[in-house]
$ cat start_0.cif   # mmCIF, C-alpha atoms
data_upload
#
loop_
_atom_site.label_atom_id
_atom_site.label_comp_id
_atom_site.auth_asym_id
_atom_site.auth_seq_id
_atom_site.Cartn_x
_atom_site.Cartn_y
_atom_site.Cartn_z
CA MET S 1 3.76 -70.86 -72.32
CA LEU S 2 0.38 -71.63 -70.85
CA SER S 3 -1.24 -71.54 -74.27
CA TYR S 4 0.73 -74.58 -75.40
CA ILE S 5 -1.56 -77.02 -73.69
CA ASP S 6 -4.28 -77.13 -76.37
CA LYS S 7 -1.72 -77.81 -79.03
CA ILE S 8 -0.03 -80.43 -76.81
CA LYS S 9 -3.33 -82.25 -76.35
CA GLU S 10 -4.20 -81.96 -80.01
CA ILE S 11 -0.88 -83.40 -81.14
CA SER S 12 -0.92 -86.14 -78.51
CA ILE S 13 -4.43 -87.26 -79.44
CA ARG S 14 -3.53 -87.29 -83.10
CA LEU S 15 -0.37 -89.34 -82.51
CA LEU S 16 -2.19 -91.84 -80.32
CA LYS S 17 -5.19 -92.15 -82.64
CA GLU S 18 -3.00 -92.68 -85.67
CA CYS S 19 -1.07 -95.27 -83.63
CA ARG S 20 2.16 -93.53 -84.45
CA VAL S 21 3.16 -93.89 -80.82
CA GLU S 22 2.18 -96.21 -77.99
CA MET S 23 2.38 -93.51 -75.38
CA VAL S 24 3.03 -89.85 -74.99
CA ILE S 25 5.11 -88.69 -72.06
CA GLY S 26 4.15 -85.35 -70.60
CA PHE S 27 3.11 -83.77 -67.31
CA ARG S 28 0.04 -83.81 -65.13
CA LYS S 29 -0.81 -81.74 -62.11
CA GLY S 30 0.97 -82.92 -58.99
CA THR S 31 -0.57 -83.39 -55.59
CA VAL S 32 1.26 -80.42 -54.10
CA PRO S 33 1.60 -76.99 -55.69
CA MET S 34 4.55 -76.36 -58.01
CA MET S 35 5.26 -80.06 -58.39
CA ASN S 36 3.98 -81.40 -61.66
CA GLU S 37 4.55 -85.07 -62.16
CA PRO S 38 5.25 -87.08 -65.29
CA HIS S 39 2.22 -88.47 -67.03
CA PHE S 40 2.23 -91.33 -69.48
CA ALA S 41 -0.76 -91.11 -71.80
CA LYS S 42 -1.46 -94.43 -73.47
CA SER S 43 -4.88 -93.64 -74.90
CA PRO S 44 -6.52 -90.49 -76.24
CA GLU S 45 -8.61 -90.31 -73.03
CA ASP S 46 -5.45 -90.10 -70.88
CA VAL S 47 -4.42 -87.00 -72.73
CA GLU S 48 -7.03 -84.98 -70.86
CA ASN S 49 -4.79 -84.93 -67.77
CA PHE S 50 -1.88 -83.24 -69.49
CA VAL S 51 -0.89 -79.82 -68.18
CA TRP S 52 1.83 -77.38 -69.12
CA ASP S 53 3.00 -74.53 -66.93
CA SER S 54 6.18 -73.37 -65.27
CA ASN S 55 6.42 -76.38 -62.97
CA CYS S 56 7.42 -78.87 -65.63
CA GLY S 57 11.08 -78.94 -64.71
CA ILE S 58 11.52 -82.69 -64.50
CA ASN S 59 13.64 -83.99 -67.35
CA LEU S 60 11.37 -86.42 -69.21
CA CYS S 61 14.24 -87.90 -71.16
CA ASN S 62 14.91 -89.96 -68.05
CA TYR S 63 11.98 -92.19 -69.01
CA LEU S 64 13.30 -93.05 -72.46
CA THR S 65 16.31 -95.15 -71.48
CA ASN S 66 16.23 -98.56 -73.17
CA ARG S 67 12.54 -98.36 -74.09
CA GLY S 68 11.45 -100.57 -76.94
CA GLU S 69 8.16 -99.05 -77.99
CA LYS S 70 7.35 -95.98 -80.02
CA ILE S 71 7.09 -92.96 -77.79
CA GLY S 72 5.91 -89.41 -78.17
CA ILE S 73 7.66 -87.12 -75.76
CA LEU S 74 7.34 -83.50 -74.79
CA ALA S 75 10.72 -81.86 -74.95
CA LYS S 76 11.89 -78.52 -73.68
CA GLY S 77 15.27 -77.25 -74.87
CA CYS S 78 17.20 -79.17 -72.23
CA ASP S 79 15.11 -82.35 -72.61
CA SER S 80 15.70 -82.31 -76.34
CA ARG S 81 19.44 -82.09 -75.83
CA ASN S 82 19.30 -85.03 -73.47
CA ILE S 83 17.29 -86.94 -76.06
CA VAL S 84 20.08 -86.24 -78.57
CA THR S 85 22.60 -87.56 -76.03
CA HIS S 86 20.45 -90.67 -75.57
CA ILE S 87 20.42 -91.20 -79.34
CA ILE S 88 24.21 -90.78 -79.54
CA GLU S 89 24.64 -93.26 -76.71
CA ASN S 90 22.26 -95.79 -78.27
CA LYS S 91 19.81 -95.69 -75.40
CA ILE S 92 16.92 -95.06 -77.77
CA LYS S 93 16.55 -94.97 -81.52
CA ARG S 94 15.59 -91.80 -83.30
CA ASP S 95 12.84 -93.54 -85.32
CA GLN S 96 11.18 -94.72 -82.12
CA LEU S 97 10.51 -91.16 -81.12
CA VAL S 98 8.10 -88.46 -82.01
CA ILE S 99 9.55 -85.43 -80.31
CA ILE S 100 7.01 -82.77 -79.48
CA GLY S 101 9.09 -79.65 -79.08
CA VAL S 102 8.10 -77.16 -76.43
CA PRO S 103 9.86 -73.80 -76.59
CA CYS S 104 10.51 -72.93 -72.97
CA LYS S 105 10.86 -69.71 -71.08
CA GLY S 106 12.20 -71.28 -67.93
CA MET S 107 10.79 -73.18 -65.00
CA ILE S 108 10.17 -71.68 -61.60
CA ASP S 109 12.18 -72.62 -58.57
CA LYS S 110 9.92 -74.15 -55.98
CA ARG S 111 12.51 -73.90 -53.25
CA LYS S 112 13.09 -70.20 -53.86
CA ILE S 113 9.38 -69.48 -53.62
CA SER S 114 8.80 -71.63 -50.54
CA ALA S 115 11.63 -69.81 -48.79
CA MET S 116 9.82 -66.49 -49.30
CA PHE S 117 6.86 -67.45 -47.19
CA GLU S 118 6.45 -68.51 -43.60
CA GLY S 119 3.51 -70.83 -43.92
CA GLU S 120 2.67 -73.61 -46.30
CA ILE S 121 1.79 -72.63 -49.83
CA GLY S 122 -1.72 -73.76 -50.72
CA GLU S 123 -2.13 -72.64 -54.27
CA VAL S 124 -0.10 -71.15 -57.05
CA ILE S 125 -1.86 -69.47 -59.93
CA GLU S 126 0.07 -68.68 -63.01
CA ASN S 127 -0.41 -66.39 -65.98
CA GLU S 128 1.94 -65.47 -68.79
CA ASN S 129 4.40 -63.36 -66.81
CA ASN S 130 3.44 -63.61 -63.18
CA ILE S 131 2.58 -66.15 -60.57
CA THR S 132 0.32 -65.56 -57.60
CA VAL S 133 1.15 -67.53 -54.50
CA LYS S 134 -1.64 -68.12 -52.02
CA GLY S 135 -1.45 -69.68 -48.61
CA ASP S 136 -2.79 -69.42 -45.10
CA GLY S 137 -3.00 -65.67 -44.48
CA PHE S 138 -0.87 -64.48 -47.37
CA GLU S 139 -1.14 -63.82 -51.05
CA LYS S 140 1.54 -62.38 -53.24
CA THR S 141 2.13 -61.88 -56.93
CA LEU S 142 5.63 -62.49 -58.16
CA ASN S 143 7.28 -61.89 -61.48
CA LYS S 144 8.19 -65.23 -62.99
CA LYS S 145 11.53 -63.88 -64.13
CA ASP S 146 12.60 -63.38 -60.52
CA VAL S 147 11.86 -66.89 -59.39
CA LEU S 148 13.27 -68.94 -62.24
CA GLN S 149 15.47 -71.92 -61.53
CA GLN S 150 19.05 -70.74 -61.72
CA ASN S 151 19.86 -72.99 -64.66
CA CYS S 152 16.83 -71.63 -66.54
CA ALA S 153 17.85 -68.05 -65.88
CA ILE S 154 21.19 -68.68 -67.61
CA CYS S 155 19.84 -71.06 -70.26
CA ILE S 156 20.99 -70.47 -73.82
CA HIS S 157 19.11 -73.31 -75.48
CA ARG S 158 15.47 -72.71 -74.70
CA ASN S 159 14.17 -74.03 -77.97
CA PRO S 160 14.26 -77.75 -78.68
CA VAL S 161 17.26 -78.61 -80.85
CA ILE S 162 15.45 -81.57 -82.38
CA HIS S 163 11.72 -81.98 -82.88
CA ASP S 164 9.07 -83.49 -85.11
CA GLU S 165 6.18 -81.36 -83.94
CA LEU S 166 6.18 -77.97 -82.35
CA VAL S 167 3.55 -76.70 -79.94
CA GLY S 168 4.19 -73.00 -80.40
CA ASP S 169 6.45 -70.40 -81.96
CA LEU S 170 10.11 -70.60 -81.06
CA VAL S 171 11.07 -68.28 -78.25
CA GLU S 172 13.89 -65.83 -78.35
CA GLU S 173 17.15 -67.30 -77.06
CA GLN S 174 18.97 -65.44 -74.31
CA ILE S 175 22.30 -64.27 -75.61
CA ASP S 176 23.82 -61.96 -73.05
CA VAL S 177 24.01 -64.39 -70.18
CA ASP S 178 27.07 -65.19 -68.16
CA ARG S 179 26.78 -68.92 -67.70
CA TYR S 180 29.85 -69.54 -65.62
CA GLU S 181 30.05 -66.77 -63.08
CA ASP S 182 29.91 -69.10 -60.08
CA VAL S 183 32.34 -71.58 -61.64
CA ARG S 184 34.91 -68.86 -62.19
CA GLU S 185 34.59 -67.78 -58.59
CA ILE S 186 35.43 -71.28 -57.41
CA GLU S 187 38.20 -71.69 -59.95
CA ALA S 188 39.90 -68.67 -58.47
CA LEU S 189 40.17 -70.34 -55.06
CA ALA S 190 43.35 -72.06 -53.90
CA PRO S 191 43.19 -75.89 -53.65
CA GLN S 192 42.76 -75.87 -49.88
CA GLU S 193 40.03 -73.23 -50.06
CA LYS S 194 38.27 -75.30 -52.70
CA ALA S 195 38.37 -78.33 -50.46
CA THR S 196 36.81 -76.36 -47.64
CA HIS S 197 34.27 -74.79 -49.95
CA PHE S 198 33.13 -78.14 -51.30
CA GLU S 199 33.06 -79.75 -47.89
CA LYS S 200 30.73 -77.01 -46.74
CA LEU S 201 28.62 -77.22 -49.88
CA LEU S 202 28.19 -80.98 -49.55
CA GLU S 203 27.86 -81.08 -45.81
CA PRO S 204 24.04 -81.44 -45.77
CA CYS S 205 24.08 -84.31 -48.30
CA ILE S 206 22.20 -87.32 -46.99
CA ARG S 207 23.27 -89.62 -49.83
CA CYS S 208 19.72 -90.28 -50.97
CA TYR S 209 20.87 -90.40 -54.62
CA ALA S 210 17.87 -88.37 -55.77
CA CYS S 211 20.21 -86.37 -58.00
CA ARG S 212 21.42 -89.56 -59.63
CA ASN S 213 17.92 -90.90 -60.10
CA ALA S 214 16.56 -87.69 -61.56
CA CYS S 215 19.45 -87.38 -63.98
CA PRO S 216 18.77 -88.63 -67.51
CA LEU S 217 22.48 -89.38 -67.92
CA CYS S 218 22.66 -91.68 -64.90
CA TYR S 219 21.41 -94.89 -66.44
CA CYS S 220 24.24 -97.28 -65.60
CA PRO S 221 22.78 -100.72 -64.76
CA THR S 222 24.94 -100.73 -61.64
CA CYS S 223 26.00 -97.36 -60.36
CA PHE S 224 29.54 -97.11 -58.97
CA THR S 225 28.03 -96.23 -55.61
CA ASP S 226 26.30 -99.58 -55.48
CA GLU S 227 29.37 -101.59 -56.36
CA SER S 228 30.80 -103.37 -53.39
CA ARG S 229 33.73 -105.30 -54.83
CA PRO S 230 35.72 -103.17 -54.99
CA GLN S 231 33.86 -100.52 -53.10
CA TRP S 232 34.82 -97.24 -54.72
CA VAL S 233 32.93 -95.10 -52.33
CA GLY S 234 31.60 -95.67 -48.82
CA LYS S 235 27.89 -95.38 -48.25
CA GLY S 236 27.91 -93.23 -45.14
CA GLN S 237 28.01 -89.50 -44.66
CA ASP S 238 31.76 -89.35 -44.23
CA PRO S 239 32.87 -86.13 -45.96
CA THR S 240 35.39 -88.00 -48.13
CA ASP S 241 32.75 -90.43 -49.31
CA VAL S 242 30.23 -87.69 -49.99
CA SER S 243 32.66 -85.67 -52.06
CA THR S 244 33.90 -88.78 -53.85
CA PHE S 245 30.33 -89.54 -54.85
CA HIS S 246 29.62 -86.06 -56.13
CA PHE S 247 32.92 -85.68 -57.96
CA LEU S 248 32.62 -89.03 -59.64
CA ARG S 249 29.04 -88.51 -60.63
CA ALA S 250 30.00 -85.18 -62.16
CA TYR S 251 32.84 -86.81 -64.08
CA HIS S 252 30.47 -89.41 -65.47
CA CYS S 253 28.43 -86.53 -66.85
CA ALA S 254 31.40 -84.75 -68.43
CA GLY S 255 30.64 -83.74 -71.98
CA ARG S 256 27.09 -85.03 -71.60
CA CYS S 257 25.44 -82.75 -69.07
CA THR S 258 23.07 -80.18 -70.52
CA ASP S 259 22.55 -78.33 -67.23
CA CYS S 260 18.87 -79.24 -67.18
CA GLY S 261 18.87 -78.76 -63.42
CA ALA S 262 17.14 -82.05 -62.62
CA CYS S 263 19.74 -82.94 -59.98
CA GLU S 264 19.48 -79.71 -58.08
CA ARG S 265 15.70 -79.66 -58.42
CA SER S 266 15.37 -83.11 -56.94
CA CYS S 267 17.73 -82.57 -54.03
CA PRO S 268 15.79 -82.68 -50.76
CA VAL S 269 18.39 -80.59 -48.96
CA GLY S 270 18.96 -78.07 -51.72
CA ILE S 271 22.61 -78.68 -52.61
CA ASN S 272 23.72 -76.91 -55.75
CA MET S 273 25.72 -79.82 -57.16
CA ARG S 274 25.40 -78.24 -60.58
CA VAL S 275 28.63 -76.35 -59.94
CA PHE S 276 30.53 -79.60 -60.58
CA THR S 277 28.81 -80.50 -63.81
CA LYS S 278 28.95 -76.89 -64.90
CA LYS S 279 32.69 -76.76 -64.39
CA LEU S 280 33.09 -79.76 -66.67
CA GLU S 281 30.66 -78.24 -69.14
CA LYS S 282 32.76 -75.09 -69.17
CA ASP S 283 35.94 -77.13 -69.72
CA CYS S 284 34.35 -78.98 -72.62
CA LEU S 285 33.33 -75.71 -74.18
CA GLU S 286 36.72 -74.11 -73.73
CA LEU S 287 38.88 -77.10 -74.64
CA PHE S 288 36.79 -78.76 -77.32
CA GLU S 289 34.21 -76.12 -78.26
CA TRP S 290 31.64 -78.69 -77.36
CA GLU S 291 28.14 -78.29 -76.03
CA ALA S 292 26.35 -81.51 -75.27
CA GLY S 293 23.33 -82.71 -77.17
CA LEU S 294 23.17 -80.31 -80.05
CA ASP S 295 23.65 -82.69 -82.97
CA PRO S 296 23.04 -86.46 -83.04
CA ASP S 297 25.55 -86.88 -85.88
CA VAL S 298 28.58 -85.47 -84.10
CA ARG S 299 30.59 -87.73 -81.80
CA PRO S 300 31.31 -86.27 -78.36
CA PRO S 301 34.86 -85.05 -77.62
CA LEU S 302 35.58 -87.74 -75.05
CA ASP S 303 35.20 -90.59 -77.53
CA THR S 304 37.13 -89.11 -80.42
CA TYR S 305 40.71 -88.12 -80.98
CA ARG S 306 41.56 -85.02 -82.87
CA PRO S 307 45.09 -84.05 -83.83
CA GLY S 308 44.40 -80.63 -82.38
CA ASP S 309 43.95 -82.01 -78.86
CA PRO S 310 44.74 -79.27 -76.34
CA ASP S 311 46.80 -81.55 -74.07
CA GLU S 312 50.48 -81.65 -74.95
CA PHE S 313 51.42 -85.07 -73.61
CA ILE S 314 49.19 -86.99 -75.97
CA LYS S 315 50.63 -85.66 -79.22
CA MET X 1 37.99 -80.21 -56.21
CA GLY X 2 40.57 -79.33 -53.63
CA ILE X 3 43.36 -81.36 -55.17
CA GLU X 4 46.41 -79.60 -56.58
CA PRO X 5 46.47 -80.16 -60.35
CA ASP X 6 50.05 -81.48 -60.18
CA ARG X 7 49.02 -84.43 -58.03
CA LEU X 8 47.63 -86.10 -61.11
CA GLN X 9 50.15 -86.40 -63.90
CA PHE X 10 49.80 -87.81 -67.35
CA SER X 11 52.53 -88.80 -69.72
CA TRP X 12 53.25 -90.95 -72.71
CA VAL X 13 56.22 -93.28 -72.76
CA SER X 14 56.86 -95.91 -75.39
CA SER X 15 57.99 -99.33 -74.22
CA ALA X 16 61.39 -98.72 -75.75
CA GLU X 17 62.02 -95.53 -73.87
CA ALA X 18 63.50 -96.69 -70.59
CA THR X 19 65.51 -93.51 -70.25
CA LYS X 20 62.45 -91.37 -70.70
CA PHE X 21 60.64 -93.53 -68.14
CA VAL X 22 63.33 -92.90 -65.56
CA GLN X 23 63.27 -89.21 -66.36
CA VAL X 24 59.49 -88.95 -66.02
CA VAL X 25 59.45 -90.88 -62.73
CA THR X 26 62.02 -88.50 -61.36
CA GLU X 27 60.05 -85.46 -62.49
CA VAL X 28 56.77 -86.75 -61.13
CA THR X 29 58.33 -87.62 -57.80
CA ARG X 30 59.91 -84.21 -57.48
CA ALA X 31 56.66 -82.41 -58.37
CA ILE X 32 54.75 -84.32 -55.74
CA LYS X 33 57.49 -83.98 -53.16
CA ASP X 34 57.23 -80.23 -53.64
CA LEU X 35 53.49 -80.35 -52.97
CA GLY X 36 53.90 -82.15 -49.68
CA PRO X 37 51.57 -84.82 -48.30
CA ASN X 38 48.01 -84.95 -49.56
CA LYS X 39 45.41 -84.15 -46.93
CA ASN X 40 42.19 -83.87 -48.87
CA LEU X 41 39.89 -86.65 -49.92
CA VAL X 42 41.75 -89.12 -47.76
CA LYS X 43 39.46 -91.63 -46.15
CA THR X 44 40.12 -91.80 -42.44
CA MET X 45 38.92 -94.79 -40.54
CA PRO X 46 36.45 -94.03 -37.77
CA LYS X 47 38.07 -94.17 -34.38
CA VAL X 48 37.16 -97.31 -32.51
CA ALA X 49 37.15 -97.03 -28.75
CA MET T 1 61.84 -90.11 -38.89
CA SER T 2 63.85 -89.16 -41.90
CA GLU T 3 62.63 -86.87 -44.67
CA TRP T 4 59.05 -87.39 -45.83
CA GLU T 5 58.79 -89.48 -48.98
CA PRO T 6 55.65 -89.27 -51.10
CA LYS T 7 53.68 -92.30 -52.12
CA ILE T 8 52.83 -92.18 -55.79
CA VAL T 9 50.50 -94.61 -57.49
CA ALA T 10 51.54 -95.15 -61.09
CA PHE T 11 49.01 -96.53 -63.52
CA LEU T 12 51.08 -97.86 -66.39
CA CYS T 13 49.80 -99.15 -69.69
CA ASN T 14 50.85 -102.74 -70.29
CA TRP T 15 52.09 -101.97 -73.78
CA CYS T 16 53.84 -98.68 -73.25
CA SER T 17 55.12 -97.45 -69.94
CA TYR T 18 55.00 -100.82 -68.23
CA GLY T 19 57.29 -102.08 -70.96
CA ALA T 20 59.50 -99.06 -70.42
CA ALA T 21 59.61 -99.77 -66.69
CA ASP T 22 60.59 -103.35 -67.46
CA LEU T 23 63.31 -102.19 -69.77
CA ALA T 24 64.54 -99.73 -67.17
CA GLY T 25 64.78 -102.62 -64.75
CA VAL T 26 66.60 -104.85 -67.21
CA GLY T 27 68.93 -101.99 -67.97
CA ARG T 28 69.62 -101.56 -64.23
CA MET T 29 68.62 -97.92 -64.35
CA GLU T 30 68.09 -96.00 -61.16
CA TYR T 31 64.92 -94.10 -60.42
CA PRO T 32 63.09 -92.90 -57.30
CA SER T 33 61.40 -95.68 -55.39
CA ASN T 34 58.33 -93.62 -54.55
CA ILE T 35 56.15 -95.12 -57.23
CA ARG T 36 53.84 -98.08 -56.69
CA VAL T 37 53.10 -99.51 -60.08
CA ILE T 38 49.69 -100.77 -61.11
CA ARG T 39 49.60 -102.36 -64.51
CA ILE T 40 46.52 -101.57 -66.56
CA PRO T 41 45.74 -103.33 -69.85
CA CYS T 42 45.60 -100.04 -71.69
CA THR T 43 45.43 -96.40 -70.68
CA GLY T 44 41.84 -96.56 -71.89
CA ARG T 45 41.15 -98.64 -68.79
CA MET T 46 41.86 -95.58 -66.66
CA ASP T 47 38.88 -94.24 -64.81
CA PRO T 48 38.46 -91.17 -62.62
CA LYS T 49 37.48 -93.48 -59.80
CA PHE T 50 40.94 -95.05 -59.75
CA PHE T 51 42.41 -91.66 -59.13
CA LEU T 52 40.00 -90.89 -56.31
CA ALA T 53 40.41 -94.37 -54.83
CA ALA T 54 44.18 -93.92 -54.76
CA LEU T 55 43.90 -90.64 -52.90
CA ARG T 56 41.36 -92.11 -50.49
CA GLU T 57 43.77 -94.86 -49.61
CA GLY T 58 46.45 -92.34 -48.82
CA ALA T 59 48.42 -91.77 -52.00
CA ASP T 60 50.08 -88.40 -52.33
CA GLY T 61 50.04 -88.37 -56.08
CA VAL T 62 48.86 -90.31 -59.08
CA TRP T 63 50.70 -90.76 -62.33
CA VAL T 64 49.03 -92.12 -65.41
CA SER T 65 51.24 -93.08 -68.29
CA GLY T 66 50.39 -94.55 -71.66
#
$ encode --input "start_0.cif" --output "structure tokens"
Amino acid sequence: MLSYIDKIKEISIRLLKECRVEMVIGFRKGTVPMMNEPHFAKSPEDVENFVWDSNCGINLCNYLTNRGEKIGILAKGCDSRNIVTHIIENKIKRDQLVIIGVPCKGMIDKRKISAMFEGEIGEVIENENNITVKGDGFEKTLNKKDVLQQNCAICIHRNPVIHDELVGDLVEEQIDVDRYEDVREIEALAPQEKATHFEKLLEPCIRCYACRNACPLCYCPTCFTDESRPQWVGKGQDPTDVSTFHFLRAYHCAGRCTDCGACERSCPVGINMRVFTKKLEKDCLELFEWEAGLDPDVRPPLDTYRPGDPDEFIK
Amino acid sequence: MGIEPDRLQFSWVSSAEATKFVQVVTEVTRAIKDLGPNKNLVKTMPKVA
Amino acid sequence: MSEWEPKIVAFLCNWCSYGAADLAGVGRMEYPSNIRVIRIPCTGRMDPKFFLAALREGADGVWVSG
């Protein structure tokens, strides 16, 4: 994965020099370890700052919504699926984009790694399979596979589904993964147990809306949480309001979520709200055999009617 | 999400089917009566002293 | 207090079930009085937030009918 960077720079410089795009969206090194930030290269000189490693988990598709110019964008498997969703939803036109596909082997989970060490982590050095974490008085080498983000560990679309350029050979897709283990566990609970489970899960939520802001699907001009007349959901930390927010946000992502993990990654208190979107993803797969963002020419199940609809009452 | 599936019911009644309407209302009411009062996701007002 | 009676919010499509409800009324038919009808222009107007809002406000059940 680390070897992609030369190719990324080469392609970006070429695209910018040929004026095929006005900017290329990628990553640059962040100010703290394991936190790469988005970088918008508008000239060939800017390209120098691009990096690519296992800390590029942010979903770059978020920056495409309603853009007018021509854009080159780096796209991992999940990003590319979100780009497809954006194209389906008319948030960007396909011919505005030069998609630079990046086959991905998973991003590492910063929170998991930080939890392993007492002190602050000063430096993280990465090679193809391992990462070495250095800090005040400790140094440890970890296998990347053990510290992947959970959504990456169960990812089945690592290669970009849509791309114009490719920075490396396609990687092998994982086939024997159980994507919905945790969802099934929750499904087995009785309604009251579910309520308690979710209340506990969401208890630390501080309603900062980082999950909404990091999500490439959450582009509504006015979010339902910000509407005040009528006010659908209170703004405080009342458990009912918190769960209303998370349930509704998940429903807005039904049939669209690609489980890119941006929400969970951005959460300052580490809530795994992906269980909600994953449940809906599972339903879409089981009811409509639908996986979001695979093909820009197929309409999503929630805006089409098929005579074979699984629900009886509608026939 | 902690809500019994039967609390949300969907149906399809044409505007000419008054009998079916009555029938569905009766069914829905009975189903929800059987579930008892809803306790989850109800917004309670903060107690004011 | 007598037996508990549920409160049910009914979202009825203007063109279908609302018409049926009207007809039921005209026809003097009897049905349980637990439902509180909200007329929506079309079942397509239905939104998950209506369902949650109803429960928040104390409904015991929600019925959507097209």
$ interface_residues --input "start_0.cif" --of "chain S" --to "chain X" --cutoff "7 Å" --atoms "all atoms listed in the file" --output "list in words"
Pro191, Gln192, Lys194, Ala195, Thr240, Phe313 and Ile314 of chain S
$ residues_around --input "start_0.cif" --residues "Ala18 in chain X" --least-positions-apart "4" --cutoff "6 Å" --atoms "all atoms listed in the file" --output "PyMOL selection string"
chain T and resi 20+23-24
$ resolve_selection --input "start_0.cif" --expression "the PyMOL selection byres ((chain T) within 10 of (chain S))" --output "JSON, numbers by chain"
{"T": [47, 48, 49, 50, 52, 53, 54, 56, 65, 66]}
$ closest_atom_pairs --input "start_0.cif" --of "chain T" --to "chain X" --cutoff "8 Å" --atoms "all atoms listed in the file" --output "JSON lines"
{"residue": "T:Glu5", "atom": "CA", "partner": "X:Lys33", "partner_atom": "CA", "distance": 7.0}
{"residue": "T:Pro6", "atom": "CA", "partner": "X:Lys33", "partner_atom": "CA", "distance": 6.0}
{"residue": "T:Ile8", "atom": "CA", "partner": "X:Thr29", "partner_atom": "CA", "distance": 7.4}
{"residue": "T:Trp15", "atom": "CA", "partner": "X:Ser15", "partner_atom": "CA", "distance": 6.5}
{"residue": "T:Cys16", "atom": "CA", "partner": "X:Ser15", "partner_atom": "CA", "distance": 4.3}
{"residue": "T:Ser17", "atom": "CA", "partner": "X:Val13", "partner_atom": "CA", "distance": 5.2}
{"residue": "T:Tyr18", "atom": "CA", "partner": "X:Ser15", "partner_atom": "CA", "distance": 6.9}
{"residue": "T:Gly19", "atom": "CA", "partner": "X:Ser15", "partner_atom": "CA", "distance": 4.3}
{"residue": "T:Ala20", "atom": "CA", "partner": "X:Ser15", "partner_atom": "CA", "distance": 4.1}
{"residue": "T:Ala21", "atom": "CA", "partner": "X:Ala18", "partner_atom": "CA", "distance": 6.3}
{"residue": "T:Asp22", "atom": "CA", "partner": "X:Ala18", "partner_atom": "CA", "distance": 7.9}
{"residue": "T:Leu23", "atom": "CA", "partner": "X:Ala18", "partner_atom": "CA", "distance": 5.6}
{"residue": "T:Ala24", "atom": "CA", "partner": "X:Ala18", "partner_atom": "CA", "distance": 4.7}
{"residue": "T:Met29", "atom": "CA", "partner": "X:Val22", "partner_atom": "CA", "distance": 7.4}
{"residue": "T:Glu30", "atom": "CA", "partner": "X:Val22", "partner_atom": "CA", "distance": 7.2}
{"residue": "T:Tyr31", "atom": "CA", "partner": "X:Val22", "partner_atom": "CA", "distance": 5.5}
{"residue": "T:Pro32", "atom": "CA", "partner": "X:Thr26", "partner_atom": "CA", "distance": 6.1}
{"residue": "T:Asn34", "atom": "CA", "partner": "X:Thr29", "partner_atom": "CA", "distance": 6.8}
{"residue": "T:Ile35", "atom": "CA", "partner": "X:Val25", "partner_atom": "CA", "distance": 7.7}
{"residue": "T:Phe51", "atom": "CA", "partner": "X:Leu8", "partner_atom": "CA", "distance": 7.9}
{"residue": "T:Leu52", "atom": "CA", "partner": "X:Leu41", "partner_atom": "CA", "distance": 7.7}
{"residue": "T:Leu55", "atom": "CA", "partner": "X:Val42", "partner_atom": "CA", "distance": 5.8}
{"residue": "T:Arg56", "atom": "CA", "partner": "X:Val42", "partner_atom": "CA", "distance": 4.1}
{"residue": "T:Glu57", "atom": "CA", "partner": "X:Val42", "partner_atom": "CA", "distance": 6.4}
{"residue": "T:Gly58", "atom": "CA", "partner": "X:Val42", "partner_atom": "CA", "distance": 5.8}
{"residue": "T:Ala59", "atom": "CA", "partner": "X:Asn38", "partner_atom": "CA", "distance": 7.3}
{"residue": "T:Asp60", "atom": "CA", "partner": "X:Asn38", "partner_atom": "CA", "distance": 4.9}
{"residue": "T:Gly61", "atom": "CA", "partner": "X:Arg7", "partner_atom": "CA", "distance": 4.5}
{"residue": "T:Val62", "atom": "CA", "partner": "X:Leu8", "partner_atom": "CA", "distance": 4.8}
{"residue": "T:Trp63", "atom": "CA", "partner": "X:Gln9", "partner_atom": "CA", "distance": 4.7}
{"residue": "T:Val64", "atom": "CA", "partner": "X:Phe10", "partner_atom": "CA", "distance": 4.8}
{"residue": "T:Ser65", "atom": "CA", "partner": "X:Ser11", "partner_atom": "CA", "distance": 4.7}
{"residue": "T:Gly66", "atom": "CA", "partner": "X:Trp12", "partner_atom": "CA", "distance": 4.7}
$ atom_distance --input "start_0.cif" --atom1 "CA of Leu12 in chain T" --atom2 "CA of Ser228 in chain S"
24.7 Å
$ atom_distance --input "start_0.cif" --atom1 "CA of Asp79 in chain S" --atom2 "CA of Met107 in chain S"
12.7 Å
$ residues_around --input "start_0.cif" --residues "Lys278 in chain S" --least-positions-apart "5" --cutoff "9 Å" --atoms "all atoms listed in the file" --output "list in words"
Arg179, Tyr180, Val183, Ala250, Ala254, Cys257, Thr258, Asp259, Met273 and Asp283 of chain S
